[in-house]
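Listing of upload.csv; format and content: CSV, N, CA and C atoms.
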```csv
chain,number,residue,atom,x,y,z
A,152,GLN,N,-46.8,-59.7,-12.3
A,152,GLN,CA,-48.2,-59.4,-12.6
A,152,GLN,C,-48.4,-57.9,-12.6
A,153,VAL,N,-49.1,-57.4,-13.6
A,153,VAL,CA,-49.3,-55.9,-13.8
A,153,VAL,C,-50.5,-55.5,-13.0
A,154,GLN,N,-50.4,-54.4,-12.3
A,154,GLN,CA,-51.6,-53.9,-11.6
A,154,GLN,C,-52.4,-53.0,-12.4
A,155,LEU,N,-53.7,-53.3,-12.5
A,155,LEU,CA,-54.6,-52.4,-13.3
A,155,LEU,C,-55.6,-51.8,-12.4
A,156,MET,N,-56.0,-50.5,-12.7
A,156,MET,CA,-56.8,-49.8,-11.8
A,156,MET,C,-58.0,-49.1,-12.7
A,157,GLU,N,-59.2,-49.6,-12.4
A,157,GLU,CA,-60.4,-49.0,-13.0
A,157,GLU,C,-60.9,-47.8,-12.3
A,158,SER,N,-61.6,-47.0,-13.1
A,158,SER,CA,-62.4,-45.8,-12.5
A,158,SER,C,-63.5,-45.5,-13.5
A,159,GLY,N,-64.4,-44.7,-13.0
A,159,GLY,CA,-65.5,-44.2,-13.8
A,159,GLY,C,-66.8,-44.8,-13.7
A,160,GLY,N,-66.9,-45.8,-12.8
A,160,GLY,CA,-68.2,-46.4,-12.6
A,160,GLY,C,-69.2,-45.5,-11.9
A,161,GLY,N,-70.4,-45.9,-11.9
A,161,GLY,CA,-71.4,-45.1,-11.2
A,161,GLY,C,-72.8,-45.6,-11.5
A,162,SER,N,-73.8,-44.7,-11.2
A,162,SER,CA,-75.2,-45.0,-11.4
A,162,SER,C,-75.8,-44.1,-12.5
A,163,VAL,N,-76.5,-44.6,-13.4
A,163,VAL,CA,-77.2,-43.8,-14.4
A,163,VAL,C,-78.6,-44.4,-14.7
A,164,GLN,N,-79.4,-43.6,-15.3
A,164,GLN,CA,-80.7,-44.1,-15.8
A,164,GLN,C,-80.5,-44.7,-17.2
A,165,ALA,N,-81.5,-45.6,-17.5
A,165,ALA,CA,-81.5,-46.2,-18.8
A,165,ALA,C,-81.4,-45.2,-19.9
A,166,GLY,N,-80.6,-45.5,-20.9
A,166,GLY,CA,-80.3,-44.5,-22.0
A,166,GLY,C,-79.2,-43.6,-21.7
A,167,GLY,N,-78.6,-43.6,-20.5
A,167,GLY,CA,-77.5,-42.7,-20.2
A,167,GLY,C,-76.2,-43.3,-20.6
A,168,SER,N,-75.1,-42.6,-20.3
A,168,SER,CA,-73.8,-42.9,-20.7
A,168,SER,C,-72.8,-42.9,-19.6
A,169,LEU,N,-71.8,-43.7,-19.6
A,169,LEU,CA,-70.7,-43.7,-18.7
A,169,LEU,C,-69.4,-44.0,-19.5
A,170,LYS,N,-68.3,-43.5,-18.9
A,170,LYS,CA,-67.0,-43.8,-19.5
A,170,LYS,C,-66.1,-44.4,-18.4
A,171,LEU,N,-65.6,-45.6,-18.6
A,171,LEU,CA,-64.7,-46.3,-17.7
A,171,LEU,C,-63.3,-46.1,-18.2
A,172,SER,N,-62.4,-46.0,-17.2
A,172,SER,CA,-61.0,-45.9,-17.6
A,172,SER,C,-60.2,-46.9,-16.8
A,173,CYS,N,-59.1,-47.4,-17.5
A,173,CYS,CA,-58.3,-48.4,-16.9
A,173,CYS,C,-56.8,-47.9,-17.0
A,174,ALA,N,-56.2,-47.7,-15.9
A,174,ALA,CA,-54.8,-47.3,-15.9
A,174,ALA,C,-54.0,-48.5,-16.0
A,175,ALA,N,-53.2,-48.6,-17.1
A,175,ALA,CA,-52.4,-49.8,-17.4
A,175,ALA,C,-51.0,-49.4,-17.7
A,176,PRO,N,-50.1,-49.4,-16.8
A,176,PRO,CA,-48.8,-48.8,-17.0
A,176,PRO,C,-48.0,-49.5,-18.0
A,177,GLU,N,-48.3,-50.8,-18.3
A,177,GLU,CA,-47.5,-51.5,-19.2
A,177,GLU,C,-48.2,-51.9,-20.5
A,178,TYR,N,-49.4,-51.3,-20.7
A,178,TYR,CA,-50.2,-51.7,-21.8
A,178,TYR,C,-49.5,-51.4,-23.1
A,179,GLY,N,-48.6,-50.4,-23.1
A,179,GLY,CA,-48.0,-50.0,-24.4
A,179,GLY,C,-46.9,-51.0,-24.8
A,180,SER,N,-46.7,-52.0,-24.1
A,180,SER,CA,-45.7,-53.0,-24.6
A,180,SER,C,-46.1,-53.6,-25.9
A,181,THR,N,-45.2,-54.3,-26.5
A,181,THR,CA,-45.5,-54.7,-27.9
A,181,THR,C,-46.5,-55.7,-28.1
A,182,THR,N,-46.8,-56.5,-27.0
A,182,THR,CA,-47.7,-57.6,-27.2
A,182,THR,C,-48.7,-57.7,-26.1
A,183,ARG,N,-49.7,-56.9,-26.1
A,183,ARG,CA,-50.7,-56.9,-25.0
A,183,ARG,C,-52.1,-56.8,-25.6
A,184,CYS,N,-53.0,-57.6,-25.0
A,184,CYS,CA,-54.4,-57.5,-25.3
A,184,CYS,C,-55.0,-56.9,-24.1
A,185,MET,N,-55.8,-55.8,-24.2
A,185,MET,CA,-56.5,-55.2,-23.1
A,185,MET,C,-58.0,-55.4,-23.3
A,186,ALA,N,-58.7,-55.7,-22.2
A,186,ALA,CA,-60.1,-55.9,-22.4
A,186,ALA,C,-60.9,-55.5,-21.2
A,187,TRP,N,-62.2,-55.4,-21.4
A,187,TRP,CA,-63.2,-55.2,-20.3
A,187,TRP,C,-64.1,-56.4,-20.2
A,188,PHE,N,-64.3,-56.8,-18.9
A,188,PHE,CA,-65.2,-57.9,-18.6
A,188,PHE,C,-66.2,-57.3,-17.6
A,189,ARG,N,-67.3,-58.0,-17.5
A,189,ARG,CA,-68.3,-57.7,-16.4
A,189,ARG,C,-68.8,-58.9,-15.8
A,190,GLN,N,-69.3,-58.7,-14.6
A,190,GLN,CA,-69.9,-59.8,-13.9
A,190,GLN,C,-71.2,-59.3,-13.1
A,191,ALA,N,-72.3,-59.7,-13.5
A,191,ALA,CA,-73.6,-59.3,-12.9
A,191,ALA,C,-73.8,-60.3,-11.7
A,192,PRO,N,-74.6,-59.9,-10.7
A,192,PRO,CA,-74.8,-60.8,-9.6
A,192,PRO,C,-75.4,-62.1,-10.0
A,193,GLY,N,-74.7,-63.2,-9.5
A,193,GLY,CA,-75.1,-64.5,-9.8
A,193,GLY,C,-74.8,-65.1,-11.2
A,194,LYS,N,-74.0,-64.3,-11.9
A,194,LYS,CA,-73.7,-64.7,-13.3
A,194,LYS,C,-72.2,-64.8,-13.4
A,195,GLN,N,-71.8,-65.5,-14.5
A,195,GLN,CA,-70.4,-65.7,-14.8
A,195,GLN,C,-69.8,-64.4,-15.4
A,196,TYR,N,-68.5,-64.3,-15.5
A,196,TYR,CA,-67.8,-63.3,-16.2
A,196,TYR,C,-68.2,-63.3,-17.7
A,197,GLU,N,-68.4,-62.1,-18.2
A,197,GLU,CA,-68.8,-61.9,-19.6
A,197,GLU,C,-67.8,-60.9,-20.2
A,198,GLY,N,-67.2,-61.4,-21.3
A,198,GLY,CA,-66.3,-60.5,-22.0
A,198,GLY,C,-67.1,-59.4,-22.7
A,199,VAL,N,-66.7,-58.1,-22.6
A,199,VAL,CA,-67.4,-57.0,-23.2
A,199,VAL,C,-66.8,-56.5,-24.4
A,200,ALA,N,-65.5,-56.2,-24.3
A,200,ALA,CA,-64.7,-55.6,-25.4
A,200,ALA,C,-63.2,-55.8,-25.2
A,201,ALA,N,-62.5,-55.9,-26.3
A,201,ALA,CA,-61.0,-56.1,-26.2
A,201,ALA,C,-60.4,-55.3,-27.3
A,202,ILE,N,-59.1,-54.9,-27.1
A,202,ILE,CA,-58.4,-54.1,-28.1
A,202,ILE,C,-56.9,-54.6,-28.0
A,203,GLY,N,-56.4,-54.8,-29.2
A,203,GLY,CA,-55.0,-55.3,-29.3
A,203,GLY,C,-54.0,-54.1,-29.5
A,204,TYR,N,-52.7,-54.5,-29.5
A,204,TYR,CA,-51.7,-53.5,-29.6
A,204,TYR,C,-51.8,-52.8,-31.0
A,205,ASP,N,-52.4,-53.5,-31.9
A,205,ASP,CA,-52.6,-52.9,-33.3
A,205,ASP,C,-53.9,-52.2,-33.4
A,206,ASP,N,-54.6,-52.0,-32.3
A,206,ASP,CA,-55.9,-51.3,-32.2
A,206,ASP,C,-57.1,-52.1,-32.8
A,207,HIS,N,-56.8,-53.3,-33.1
A,207,HIS,CA,-58.0,-54.2,-33.6
A,207,HIS,C,-58.9,-54.4,-32.4
A,208,THR,N,-60.2,-54.3,-32.6
A,208,THR,CA,-61.1,-54.4,-31.5
A,208,THR,C,-62.1,-55.5,-31.7
A,209,ILE,N,-62.6,-56.1,-30.6
A,209,ILE,CA,-63.7,-57.1,-30.7
A,209,ILE,C,-64.7,-56.7,-29.6
A,210,TYR,N,-66.0,-57.1,-29.9
A,210,TYR,CA,-67.0,-56.7,-28.9
A,210,TYR,C,-68.0,-57.9,-28.8
A,211,ALA,N,-68.6,-58.0,-27.6
A,211,ALA,CA,-69.7,-58.9,-27.4
A,211,ALA,C,-70.9,-58.4,-28.2
A,212,GLU,N,-71.7,-59.3,-28.7
A,212,GLU,CA,-72.8,-59.0,-29.5
A,212,GLU,C,-73.8,-58.0,-28.7
A,213,SER,N,-73.9,-58.2,-27.4
A,213,SER,CA,-74.8,-57.5,-26.6
A,213,SER,C,-74.5,-56.0,-26.5
A,214,VAL,N,-73.2,-55.6,-26.8
A,214,VAL,CA,-72.8,-54.2,-26.6
A,214,VAL,C,-72.5,-53.6,-27.9
A,215,LYS,N,-72.4,-54.3,-29.0
A,215,LYS,CA,-72.1,-53.7,-30.3
A,215,LYS,C,-73.0,-52.6,-30.7
A,216,GLY,N,-72.3,-51.5,-31.1
A,216,GLY,CA,-73.1,-50.3,-31.5
A,216,GLY,C,-73.4,-49.4,-30.3
A,217,ARG,N,-73.1,-49.8,-29.1
A,217,ARG,CA,-73.4,-49.0,-27.9
A,217,ARG,C,-72.1,-48.7,-27.1
A,218,PHE,N,-71.2,-49.7,-27.1
A,218,PHE,CA,-69.9,-49.5,-26.3
A,218,PHE,C,-68.8,-49.4,-27.3
A,219,THR,N,-67.8,-48.6,-26.9
A,219,THR,CA,-66.5,-48.4,-27.7
A,219,THR,C,-65.3,-48.5,-26.8
A,220,ILE,N,-64.4,-49.4,-27.2
A,220,ILE,CA,-63.1,-49.5,-26.4
A,220,ILE,C,-62.1,-48.8,-27.2
A,221,SER,N,-61.2,-48.1,-26.5
A,221,SER,CA,-60.2,-47.3,-27.1
A,221,SER,C,-59.0,-47.1,-26.2
A,222,LYS,N,-57.9,-46.6,-26.7
A,222,LYS,CA,-56.7,-46.4,-25.9
A,222,LYS,C,-56.3,-44.9,-25.9
A,223,ASP,N,-55.9,-44.5,-24.8
A,223,ASP,CA,-55.3,-43.1,-24.7
A,223,ASP,C,-53.8,-43.3,-24.5
A,224,ASN,N,-53.0,-43.2,-25.6
A,224,ASN,CA,-51.6,-43.6,-25.5
A,224,ASN,C,-50.9,-42.6,-24.6
A,225,ALA,N,-51.2,-41.4,-24.6
A,225,ALA,CA,-50.5,-40.4,-23.8
A,225,ALA,C,-50.7,-40.7,-22.3
A,226,LYS,N,-51.8,-41.3,-21.9
A,226,LYS,CA,-52.0,-41.5,-20.5
A,226,LYS,C,-51.9,-43.0,-20.1
A,227,ASN,N,-51.5,-43.8,-21.1
A,227,ASN,CA,-51.4,-45.2,-20.8
A,227,ASN,C,-52.7,-45.8,-20.2
A,228,THR,N,-53.8,-45.4,-20.8
A,228,THR,CA,-55.1,-45.9,-20.3
A,228,THR,C,-55.9,-46.5,-21.4
A,229,VAL,N,-56.8,-47.4,-21.0
A,229,VAL,CA,-57.8,-48.0,-21.9
A,229,VAL,C,-59.2,-47.6,-21.5
A,230,LEU,N,-59.9,-47.1,-22.4
A,230,LEU,CA,-61.2,-46.5,-22.1
A,230,LEU,C,-62.4,-47.4,-22.6
A,231,LEU,N,-63.5,-47.4,-21.9
A,231,LEU,CA,-64.7,-48.0,-22.4
A,231,LEU,C,-65.8,-47.0,-22.3
A,232,THR,N,-66.2,-46.5,-23.5
A,232,THR,CA,-67.3,-45.6,-23.5
A,232,THR,C,-68.6,-46.3,-23.8
A,233,MET,N,-69.5,-46.1,-22.8
A,233,MET,CA,-70.8,-46.9,-22.8
A,233,MET,C,-72.0,-45.9,-23.1
A,234,ASN,N,-72.6,-46.1,-24.1
A,234,ASN,CA,-73.8,-45.3,-24.5
A,234,ASN,C,-75.1,-46.1,-24.4
A,235,ASN,N,-76.2,-45.5,-24.3
A,235,ASN,CA,-77.5,-46.1,-24.3
A,235,ASN,C,-77.5,-47.3,-23.3
A,236,LEU,N,-77.0,-47.1,-22.1
A,236,LEU,CA,-77.0,-48.1,-21.1
A,236,LEU,C,-78.4,-48.6,-20.8
A,237,GLN,N,-78.4,-49.9,-20.5
A,237,GLN,CA,-79.7,-50.5,-20.2
A,237,GLN,C,-79.5,-51.3,-18.8
A,238,PRO,N,-80.6,-51.5,-18.1
A,238,PRO,CA,-80.5,-52.2,-16.8
A,238,PRO,C,-79.7,-53.5,-16.9
A,239,GLU,N,-79.8,-54.2,-18.0
A,239,GLU,CA,-79.0,-55.5,-18.1
A,239,GLU,C,-77.5,-55.3,-18.2
A,240,ASP,N,-77.1,-54.0,-18.3
A,240,ASP,CA,-75.7,-53.7,-18.3
A,240,ASP,C,-75.2,-53.5,-16.9
A,241,THR,N,-76.0,-53.6,-15.9
A,241,THR,CA,-75.6,-53.5,-14.5
A,241,THR,C,-74.7,-54.6,-14.1
A,242,ALA,N,-73.5,-54.3,-13.6
A,242,ALA,CA,-72.5,-55.3,-13.3
A,242,ALA,C,-71.3,-54.6,-12.7
A,243,ILE,N,-70.4,-55.4,-12.2
A,243,ILE,CA,-69.1,-54.9,-11.8
A,243,ILE,C,-68.2,-55.1,-13.1
A,244,TYR,N,-67.6,-54.1,-13.5
A,244,TYR,CA,-66.8,-54.1,-14.7
A,244,TYR,C,-65.3,-54.1,-14.4
A,245,TYR,N,-64.6,-55.1,-15.0
A,245,TYR,CA,-63.2,-55.3,-14.7
A,245,TYR,C,-62.3,-55.1,-16.0
A,246,CYS,N,-61.2,-54.5,-15.7
A,246,CYS,CA,-60.2,-54.3,-16.8
A,246,CYS,C,-59.3,-55.5,-16.7
A,247,ALA,N,-58.8,-56.0,-17.8
A,247,ALA,CA,-57.9,-57.2,-17.8
A,247,ALA,C,-56.9,-57.1,-19.0
A,248,ALA,N,-55.8,-57.8,-18.8
A,248,ALA,CA,-54.8,-57.8,-19.9
A,248,ALA,C,-54.1,-59.1,-19.9
A,249,HIS,N,-53.6,-59.4,-21.1
A,249,HIS,CA,-52.7,-60.5,-21.3
A,249,HIS,C,-51.7,-60.3,-22.4
A,250,ASP,N,-50.5,-60.9,-22.3
A,250,ASP,CA,-49.5,-60.8,-23.4
A,250,ASP,C,-49.9,-61.9,-24.4
A,251,PHE,N,-49.6,-61.6,-25.6
A,251,PHE,CA,-49.8,-62.6,-26.7
A,251,PHE,C,-48.7,-63.6,-26.5
A,252,SER,N,-49.0,-64.9,-26.8
A,252,SER,CA,-48.0,-65.9,-26.7
A,252,SER,C,-48.4,-67.0,-27.7
A,253,SER,N,-47.6,-68.1,-27.7
A,253,SER,CA,-47.9,-69.2,-28.7
A,253,SER,C,-49.2,-69.8,-28.3
A,254,THR,N,-49.6,-69.8,-27.0
A,254,THR,CA,-50.8,-70.5,-26.6
A,254,THR,C,-52.0,-69.5,-26.8
A,255,VAL,N,-51.8,-68.2,-26.7
A,255,VAL,CA,-52.8,-67.2,-26.8
A,255,VAL,C,-52.3,-66.2,-27.8
A,256,PRO,N,-52.4,-66.5,-29.1
A,256,PRO,CA,-51.8,-65.6,-30.1
A,256,PRO,C,-52.6,-64.5,-30.6
A,257,ILE,N,-53.9,-64.4,-30.1
A,257,ILE,CA,-54.8,-63.4,-30.6
A,257,ILE,C,-55.5,-62.7,-29.4
A,258,CYS,N,-56.1,-61.6,-29.6
A,258,CYS,CA,-56.9,-60.9,-28.6
A,258,CYS,C,-58.2,-61.6,-28.5
A,259,THR,N,-58.7,-61.9,-27.3
A,259,THR,CA,-59.9,-62.7,-27.1
A,259,THR,C,-60.8,-62.0,-26.1
A,260,LEU,N,-62.0,-62.6,-25.9
A,260,LEU,CA,-62.8,-62.2,-24.8
A,260,LEU,C,-63.1,-63.5,-23.9
A,261,ILE,N,-62.0,-64.3,-23.8
A,261,ILE,CA,-62.1,-65.5,-23.0
A,261,ILE,C,-61.3,-65.2,-21.7
A,262,SER,N,-62.0,-65.2,-20.6
A,262,SER,CA,-61.4,-64.7,-19.3
A,262,SER,C,-60.2,-65.5,-18.9
A,263,PRO,N,-60.2,-66.8,-19.0
A,263,PRO,CA,-59.0,-67.6,-18.6
A,263,PRO,C,-57.7,-67.2,-19.4
A,264,ASP,N,-57.8,-66.5,-20.5
A,264,ASP,CA,-56.6,-66.1,-21.3
A,264,ASP,C,-55.9,-64.9,-20.6
A,265,PHE,N,-56.6,-64.2,-19.7
A,265,PHE,CA,-56.1,-63.0,-19.1
A,265,PHE,C,-55.4,-63.2,-17.8
A,266,THR,N,-54.2,-62.6,-17.7
A,266,THR,CA,-53.4,-62.9,-16.5
A,266,THR,C,-53.4,-61.7,-15.5
A,267,ASP,N,-53.8,-60.5,-16.0
A,267,ASP,CA,-53.8,-59.4,-15.1
A,267,ASP,C,-55.2,-58.8,-15.0
A,268,TRP,N,-55.6,-58.5,-13.8
A,268,TRP,CA,-57.0,-58.0,-13.6
A,268,TRP,C,-57.0,-56.8,-12.6
A,269,GLY,N,-58.0,-55.9,-12.8
A,269,GLY,CA,-58.2,-54.8,-11.9
A,269,GLY,C,-59.1,-55.2,-10.8
A,270,GLN,N,-59.4,-54.3,-9.9
A,270,GLN,CA,-60.3,-54.7,-8.8
A,270,GLN,C,-61.8,-54.5,-9.1
A,271,GLY,N,-62.1,-53.9,-10.2
A,271,GLY,CA,-63.5,-53.8,-10.6
A,271,GLY,C,-64.1,-52.4,-10.2
A,272,THR,N,-65.1,-52.0,-11.0
A,272,THR,CA,-65.8,-50.8,-10.7
A,272,THR,C,-67.3,-51.1,-11.0
A,273,GLN,N,-68.2,-50.6,-10.1
A,273,GLN,CA,-69.6,-50.9,-10.2
A,273,GLN,C,-70.3,-50.0,-11.2
A,274,VAL,N,-71.1,-50.6,-12.1
A,274,VAL,CA,-72.0,-49.8,-13.0
A,274,VAL,C,-73.4,-50.2,-12.7
A,275,THR,N,-74.3,-49.3,-12.4
A,275,THR,CA,-75.7,-49.6,-12.1
A,275,THR,C,-76.5,-48.7,-13.0
A,276,VAL,N,-77.5,-49.4,-13.7
A,276,VAL,CA,-78.4,-48.7,-14.6
A,276,VAL,C,-79.8,-49.0,-14.1
A,277,SER,N,-80.5,-47.9,-13.9
A,277,SER,CA,-81.9,-48.0,-13.4
A,277,SER,C,-82.9,-47.6,-14.5
A,278,THR,N,-84.1,-48.1,-14.3
A,278,THR,CA,-85.1,-47.9,-15.3
A,278,THR,C,-85.7,-46.5,-15.0
```
Please go through the file and, once you have read it, give me the structure as structure tokens.
Amino acid sequence: QVQLMESGGGSVQAGGSLKLSCAAPEYGSTTRCMAWFRQAPGKQYEGVAAIGYDDHTIYAESVKGRFTISKDNAKNTVLLTMNNLQPEDTAIYYCAAHDFSSTVPICTLISPDFTDWGQGTQVTVST
């Protein structure tokens, strides 16, 4: 199991921005999907954004146009740039990863597909 480490969470006012970072020592391997999930109090995990080894990205509808997932190859990190944050974005944000396989051949935002998880970082957006 690969250990992932998130950083960059914090508190901002609505309309503000934050950038989350996930240190992923093995993300550069040939077959990995990296993603960000979030969990608000009392709610289930929600897939936010994912990026494959070919840089193909997918986003939840709720964050399209506001959030951007990207990779910093030199630092072996995956970034989530969040703009125009809203109170409904308040949650613990988790970095996750899985290898592609015959059972999971594509990058998804389905949490059971992911085998490696970080410990989470809190994002709080106030009005």
| task | Find, counting only C-alpha atoms, the residue in A:Cys184, A:Leu236, A:Ala247, A:Ile202 that gets nearest to Ala165 of chain A. | result |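 That would be A:Leu236, the residue with the smallest distance to Ala165 of chain A.
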| field | Minimum-distance residue to His249 of chain A, chosen among A:Pro263, A:Pro176, A:Gly166, A:Pro192 (using only C-alpha atoms) | value |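 Closest residue, counting only C-alpha atoms: A:Pro263.
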| Pick from A:His207, A:Lys226, A:Arg183, A:Arg217 nearest to Ser168 of chain A, counting only C-alpha atoms |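 Smallest distance to Ser168 of chain A is found for A:Arg217.
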Hey, could you make a per-residue contact list for segment 172-265 of chain A against segment 154-160 of chain A with 8 Å as the cut-off, showing the nearest pair of atoms and its distance in Å to one decimal, counting all atoms listed in the file, sorted by chain and number, as a tab-separated table?
```
residue	atom	partner	partner_atom	distance
A:Ser172	N	A:Ser158	C	3.9
A:Cys173	CA	A:Met156	C	4.3
A:Ala174	N	A:Met156	C	3.9
A:Ala175	CA	A:Leu155	CA	5.3
A:Pro176	N	A:Gln154	C	6.1
A:Glu177	N	A:Gln154	N	7.3
A:Tyr244	C	A:Glu157	CA	7.2
A:Tyr245	C	A:Glu157	CA	7.1
A:Cys246	N	A:Glu157	CA	6.2
A:Ala247	N	A:Leu155	CA	7.1
A:Ala248	N	A:Leu155	CA	7.8
```
| Proximity to Tyr196 of chain A - best of A:Val255, A:Leu171, A:Ala242, A:Val274, only C-alpha atoms |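 Answer, going by the shortest atom-to-atom distance: A:Ala242.
What separates atom C of Lys170 of chain A from atom CA of Leu231 of chain A is a distance of 5.6 Å.
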| request: Using DSSP on the backbone coordinates, identify the residues of chain A assigned to strand (DSSP E); present them as an MDAnalysis selection string. | output: chainID A and resid 156:158 161:164 169:174 183:190 197:203 208:210 218:223 228:233 242:250 267:268 272:277
| Which residue out of A:Gln237, A:Ala200, A:Gly269, A:Thr254 has the minimum interatomic distance to Thr219 of chain A when only N, CA and C atoms are used? |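 Checking each candidate against Thr219 of chain A, we get A:Ala200 as the closest.
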| In Å to one decimal, how far is atom CA of Ser262 of chain A from atom N of Glu239 of chain A? | 21.2 Å
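Distances from A:Met233, A:Val163, A:Val199, A:Leu169 to Ile261 of chain A were compared using all atoms listed in the file, and the smallest one belongs to A:Val199.
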| field | atom C of Gln190 of chain A to atom CA of Val276 of chain A, distance in Å rounded to a single decimal | value |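 These two atoms are separated by 12.9 Å.
Secondary structure of segment 194-259 of chain A, helix (DSSP H, G or I) only (DSSP, backbone atoms): A:Asn224, A:Ala225, A:Lys226, A:Pro238, A:Glu239, A:Asp240.
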Writing out the chosen residues with N, CA and C atoms as an mmCIF file, in the coordinates of the input:
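Just written: part.cif:
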```
data_model
loop_
_atom_site.group_PDB
_atom_site.id
_atom_site.type_symbol
_atom_site.label_atom_id
_atom_site.label_comp_id
_atom_site.auth_asym_id
_atom_site.auth_seq_id
_atom_site.Cartn_x
_atom_site.Cartn_y
_atom_site.Cartn_z
ATOM 1 N N ASN A 224 -53.000 -43.200 -25.600
ATOM 2 C CA ASN A 224 -51.600 -43.600 -25.500
ATOM 3 C C ASN A 224 -50.900 -42.600 -24.600
ATOM 4 N N ALA A 225 -51.200 -41.400 -24.600
ATOM 5 C CA ALA A 225 -50.500 -40.400 -23.800
ATOM 6 C C ALA A 225 -50.700 -40.700 -22.300
ATOM 7 N N LYS A 226 -51.800 -41.300 -21.900
ATOM 8 C CA LYS A 226 -52.000 -41.500 -20.500
ATOM 9 C C LYS A 226 -51.900 -43.000 -20.100
ATOM 10 N N PRO A 238 -80.600 -51.500 -18.100
ATOM 11 C CA PRO A 238 -80.500 -52.200 -16.800
ATOM 12 C C PRO A 238 -79.700 -53.500 -16.900
ATOM 13 N N GLU A 239 -79.800 -54.200 -18.000
ATOM 14 C CA GLU A 239 -79.000 -55.500 -18.100
ATOM 15 C C GLU A 239 -77.500 -55.300 -18.200
ATOM 16 N N ASP A 240 -77.100 -54.000 -18.300
ATOM 17 C CA ASP A 240 -75.700 -53.700 -18.300
ATOM 18 C C ASP A 240 -75.200 -53.500 -16.900
#
```
